[in-house]
>>> print(open('protein_24.cif').read())   # mmCIF, C-alpha atoms
data_start
loop_
_atom_site.group_PDB
_atom_site.id
_atom_site.type_symbol
_atom_site.label_atom_id
_atom_site.label_comp_id
_atom_site.auth_asym_id
_atom_site.auth_seq_id
_atom_site.Cartn_x
_atom_site.Cartn_y
_atom_site.Cartn_z
ATOM 1 C CA MET G 238 27.330 -11.657 17.077
ATOM 2 C CA ASP G 239 24.709 -14.388 16.908
ATOM 3 C CA THR G 240 21.924 -14.520 14.351
ATOM 4 C CA ILE G 241 18.578 -13.549 15.847
ATOM 5 C CA PHE G 242 15.817 -16.144 15.555
ATOM 6 C CA LEU G 243 12.461 -15.230 17.027
ATOM 7 C CA LYS G 244 9.982 -17.803 18.236
ATOM 8 C CA PRO G 245 6.287 -17.364 17.357
ATOM 9 C CA SER G 246 5.544 -16.566 20.993
ATOM 10 C CA GLN G 247 7.932 -13.580 20.907
ATOM 11 C CA PHE G 248 5.980 -11.464 18.409
ATOM 12 C CA GLN G 249 2.362 -10.528 17.760
ATOM 13 C CA ARG G 250 0.749 -10.736 14.313
ATOM 14 C CA LYS G 251 -2.039 -8.354 13.369
ATOM 15 C CA TRP G 252 -4.515 -8.085 10.501
ATOM 16 C CA TYR G 253 -4.637 -4.974 8.319
ATOM 17 C CA LEU G 254 -7.258 -3.883 5.793
ATOM 18 C CA ILE G 255 -6.362 -1.720 2.780
ATOM 19 C CA ASP G 256 -9.052 -0.218 0.553
ATOM 20 C CA ALA G 257 -7.540 0.175 -2.933
ATOM 21 C CA GLU G 258 -10.459 2.076 -4.473
ATOM 22 C CA GLY G 259 -9.094 5.175 -6.207
ATOM 23 C CA LYS G 260 -5.571 4.575 -4.851
ATOM 24 C CA GLU G 261 -2.578 3.937 -7.101
ATOM 25 C CA LEU G 262 -1.792 0.278 -7.674
ATOM 26 C CA GLY G 263 1.906 0.580 -6.872
ATOM 27 C CA ARG G 264 1.418 2.505 -3.636
ATOM 28 C CA VAL G 265 -1.086 -0.043 -2.340
ATOM 29 C CA ALA G 266 1.220 -2.917 -3.315
ATOM 30 C CA ALA G 267 4.264 -1.290 -1.686
ATOM 31 C CA LEU G 268 2.401 -0.744 1.582
ATOM 32 C CA ALA G 269 1.052 -4.306 1.559
ATOM 33 C CA ALA G 270 4.494 -5.785 0.857
ATOM 34 C CA SER G 271 6.043 -3.787 3.691
ATOM 35 C CA LEU G 272 3.366 -4.877 6.185
ATOM 36 C CA VAL G 273 3.567 -8.533 5.142
ATOM 37 C CA ARG G 274 7.337 -8.432 5.394
ATOM 38 C CA GLY G 275 7.194 -6.949 8.917
ATOM 39 C CA LYS G 276 9.468 -3.986 8.209
ATOM 40 C CA HIS G 277 7.410 -1.741 10.492
ATOM 41 C CA LYS G 278 8.243 -3.857 13.551
ATOM 42 C CA PRO G 279 11.275 -3.292 15.788
ATOM 43 C CA GLU G 280 12.049 -7.034 15.818
ATOM 44 C CA TYR G 281 12.275 -7.229 11.978
ATOM 45 C CA VAL G 282 14.804 -9.656 10.554
ATOM 46 C CA PRO G 283 15.019 -10.227 6.794
ATOM 47 C CA HIS G 284 15.248 -14.024 6.960
ATOM 48 C CA GLN G 285 12.113 -14.753 9.026
ATOM 49 C CA GLU G 286 8.382 -14.516 8.506
ATOM 50 C CA ILE G 287 7.283 -12.183 11.304
ATOM 51 C CA GLY G 288 5.045 -9.858 9.299
ATOM 52 C CA ASP G 289 1.324 -9.287 9.542
ATOM 53 C CA TYR G 290 -1.676 -10.382 7.478
ATOM 54 C CA VAL G 291 -3.003 -7.973 4.837
ATOM 55 C CA VAL G 292 -6.468 -7.895 3.258
ATOM 56 C CA ILE G 293 -6.827 -5.733 0.138
ATOM 57 C CA ILE G 294 -10.379 -4.902 -0.961
ATOM 58 C CA ASN G 295 -11.626 -3.157 -4.121
ATOM 59 C CA ALA G 296 -8.502 -4.274 -6.008
ATOM 60 C CA ALA G 297 -10.355 -4.000 -9.326
ATOM 61 C CA LYS G 298 -10.895 -0.265 -8.696
ATOM 62 C CA ALA G 299 -7.221 0.613 -8.167
ATOM 63 C CA ALA G 300 -6.039 3.566 -10.226
ATOM 64 C CA LEU G 301 -3.190 3.766 -12.696
ATOM 65 C CA SER G 302 -1.567 7.001 -13.824
ATOM 66 C CA GLY G 303 -1.061 8.054 -17.407
ATOM 67 C CA ASN G 304 -1.723 5.581 -20.214
ATOM 68 C CA LYS G 305 -0.762 2.503 -18.186
ATOM 69 C CA ALA G 306 -4.264 1.015 -18.416
ATOM 70 C CA LYS G 307 -3.716 0.325 -22.112
ATOM 71 C CA ASP G 308 0.106 0.296 -22.264
ATOM 72 C CA LYS G 309 0.985 -1.930 -19.296
ATOM 73 C CA MET G 310 1.354 -5.519 -20.481
ATOM 74 C CA TYR G 311 1.200 -8.835 -18.608
ATOM 75 C CA TYR G 312 3.022 -11.776 -20.160
ATOM 76 C CA ARG G 313 2.708 -15.511 -19.631
ATOM 77 C CA HIS G 314 4.232 -18.433 -21.501
ATOM 78 C CA SER G 315 2.800 -21.906 -22.034
ATOM 79 C CA GLY G 316 6.234 -23.498 -22.253
ATOM 80 C CA TYR G 317 5.819 -24.414 -25.912
ATOM 81 C CA ILE G 318 7.446 -22.744 -28.903
ATOM 82 C CA GLY G 319 5.505 -19.602 -29.781
ATOM 83 C CA GLY G 320 3.506 -19.902 -26.556
ATOM 84 C CA LEU G 321 4.002 -16.329 -25.344
ATOM 85 C CA ARG G 322 0.716 -14.626 -24.502
ATOM 86 C CA ALA G 323 0.450 -10.914 -23.783
ATOM 87 C CA GLU G 324 -2.495 -8.797 -22.700
ATOM 88 C CA ASN G 325 -2.800 -5.265 -21.405
ATOM 89 C CA TYR G 326 -4.018 -4.165 -17.974
ATOM 90 C CA ASN G 327 -7.652 -3.606 -19.026
ATOM 91 C CA ASP G 328 -7.976 -7.073 -20.585
ATOM 92 C CA THR G 329 -6.291 -8.700 -17.583
ATOM 93 C CA LEU G 330 -8.672 -6.873 -15.249
ATOM 94 C CA LYS G 331 -11.669 -8.277 -17.155
ATOM 95 C CA ARG G 332 -10.261 -11.819 -17.091
ATOM 96 C CA ASN G 333 -9.124 -11.833 -13.462
ATOM 97 C CA PRO G 334 -9.705 -8.633 -11.429
ATOM 98 C CA VAL G 335 -7.311 -9.505 -8.580
ATOM 99 C CA TYR G 336 -4.367 -10.659 -10.728
ATOM 100 C CA PRO G 337 -2.704 -7.232 -11.277
ATOM 101 C CA MET G 338 -2.712 -6.450 -7.546
ATOM 102 C CA GLU G 339 -1.382 -9.891 -6.646
ATOM 103 C CA GLN G 340 1.387 -9.559 -9.230
ATOM 104 C CA ALA G 341 2.302 -6.087 -7.973
ATOM 105 C CA VAL G 342 2.617 -7.269 -4.362
ATOM 106 C CA GLN G 343 4.486 -10.424 -5.361
ATOM 107 C CA GLY G 344 6.920 -8.363 -7.434
ATOM 108 C CA MET G 345 7.813 -6.338 -4.329
ATOM 109 C CA LEU G 346 8.638 -9.417 -2.248
ATOM 110 C CA SER G 347 11.809 -11.480 -2.497
ATOM 111 C CA ASN G 348 11.972 -14.110 -5.233
ATOM 112 C CA ASN G 349 12.594 -17.147 -3.058
ATOM 113 C CA ARG G 350 10.680 -19.527 -0.788
ATOM 114 C CA LEU G 351 10.235 -16.816 1.856
ATOM 115 C CA GLY G 352 8.552 -14.537 -0.696
ATOM 116 C CA ARG G 353 6.237 -17.353 -1.789
ATOM 117 C CA ARG G 354 5.404 -18.085 1.852
ATOM 118 C CA LEU G 355 4.672 -14.398 2.543
ATOM 119 C CA MET G 356 2.192 -14.276 -0.365
ATOM 120 C CA ARG G 357 -0.011 -16.665 1.629
ATOM 121 C CA ASN G 358 -0.562 -13.825 4.102
ATOM 122 C CA VAL G 359 -1.917 -11.452 1.428
ATOM 123 C CA HIS G 360 -5.632 -11.747 0.649
ATOM 124 C CA VAL G 361 -6.857 -9.751 -2.365
ATOM 125 C CA TYR G 362 -10.536 -9.261 -3.240
ATOM 126 C CA ALA G 363 -12.005 -7.493 -6.263
ATOM 127 C CA GLY G 364 -14.988 -6.031 -4.395
ATOM 128 C CA PRO G 365 -15.659 -4.602 -0.930
ATOM 129 C CA ASP G 366 -16.668 -7.914 0.684
ATOM 130 C CA HIS G 367 -14.192 -10.222 2.418
ATOM 131 C CA PRO G 368 -14.498 -13.182 4.824
ATOM 132 C CA HIS G 369 -11.978 -11.876 7.394
ATOM 133 C CA MET G 370 -14.234 -9.728 9.585
ATOM 134 C CA ALA G 371 -13.797 -12.131 12.533
ATOM 135 C CA GLN G 372 -10.100 -11.190 12.710
ATOM 136 C CA LYS G 373 -11.056 -7.499 13.206
ATOM 137 C CA PRO G 374 -8.574 -6.051 10.686
ATOM 138 C CA GLU G 375 -7.226 -2.574 11.379
ATOM 139 C CA VAL G 376 -7.873 -0.147 8.514
ATOM 140 C CA ILE G 377 -4.723 1.363 7.014
ATOM 141 C CA GLU G 378 -4.899 4.452 4.789
ATOM 142 C CA VAL G 379 -2.636 4.645 1.729
ATOM 143 C CA LYS G 380 -0.854 7.971 1.384
#
>>> encode(input="protein_24.cif", output="structure tokens")
Amino acid sequence: MDTIFLKPSQFQRKWYLIDAEGKELGRVAALAASLVRGKHKPEYVPHQEIGDYVVIINAAKAALSGNKAKDKMYYRHSGYIGGLRAENYNDTLKRNPVYPMEQAVQGMLSNNRLGRRLMRNVHVYAGPDHPHMAQKPEVIEVK
């Protein structure tokens, strides 16, 4: 059996809009990762970028359950000895309101060049405004 390779003319890409206000961070990220990956399409193949574009608004207002707002930690390292920096979700949200949502979506994509390429199709905004109205994104509700 031959490997299936689709040409760009063989599939249609759509734009989707997800409002994260009051929704759980992980559920929004899982839905966004699935749409960007293209798993909802019948022509899905895991080695090609055939997914859709996703716009996430109100990312700063995403909900977390339990004590995760103060217990969930984000780590980064400068590369030098003793250069590990850690901050919790609330502090990260103040510093960069879209970072937790971007990290959640990126963590649900594959860790290779395809995953990095797919992250270009995810647009995350802290507030309700976004510059993608010309693409007429279809609103998707998170369950």
>>> residues_around(input="protein_24.cif", residues="Tyr253 (chain G)", least_positions_apart="5", cutoff="8 Å", atoms="all atoms listed in the file", output="PDB file with C-alpha atoms, in the coordinates of the input")
ATOM      1  CA  ASP G 289       1.324  -9.287   9.542  1.00  0.00           C
ATOM      2  CA  TYR G 290      -1.676 -10.382   7.478  1.00  0.00           C
ATOM      3  CA  VAL G 291      -3.003  -7.973   4.837  1.00  0.00           C
ATOM      4  CA  VAL G 292      -6.468  -7.895   3.258  1.00  0.00           C
ATOM      5  CA  PRO G 374      -8.574  -6.051  10.686  1.00  0.00           C
ATOM      6  CA  GLU G 375      -7.226  -2.574  11.379  1.00  0.00           C
ATOM      7  CA  VAL G 376      -7.873  -0.147   8.514  1.00  0.00           C
ATOM      8  CA  ILE G 377      -4.723   1.363   7.014  1.00  0.00           C
TER       9      ILE G 377
END
>>> closest_residue(input="protein_24.cif", among="G:Ser315, G:Ala269, G:Lys260, G:His284", to="Asn349 (chain G)", atoms="only C-alpha atoms")
G:His284
>>> closest_residue(input="protein_24.cif", among="G:Gly316, G:Gly303, G:Pro337, G:Gly364", to="Gly263 (chain G)", atoms="only C-alpha atoms")
G:Pro337
>>> closest_residue(input="protein_24.cif", among="G:Leu254, G:Ala266, G:Ala297, G:Leu243", to="Lys373 (chain G)", atoms="all atoms listed in the file")
G:Leu254
>>> atom_distance(input="protein_24.cif", atom1="CA of Glu339 (chain G)", atom2="CA of Leu321 (chain G)")
20.5 Å
>>> axis_aligned_box(input="protein_24.cif", around="region 244-260 of chain G", padding_each_side="8 Å", output="lines of an AutoDock Vina configuration file")
center_x = -0.2
center_y = -6.3
center_z = 7.4
size_x = 36.4
size_y = 39.0
size_z = 43.2
>>> closest_residue(input="protein_24.cif", among="G:Met338, G:Leu330, G:Val359, G:Leu351", to="Arg264 (chain G)", atoms="all atoms listed in the file")
G:Met338
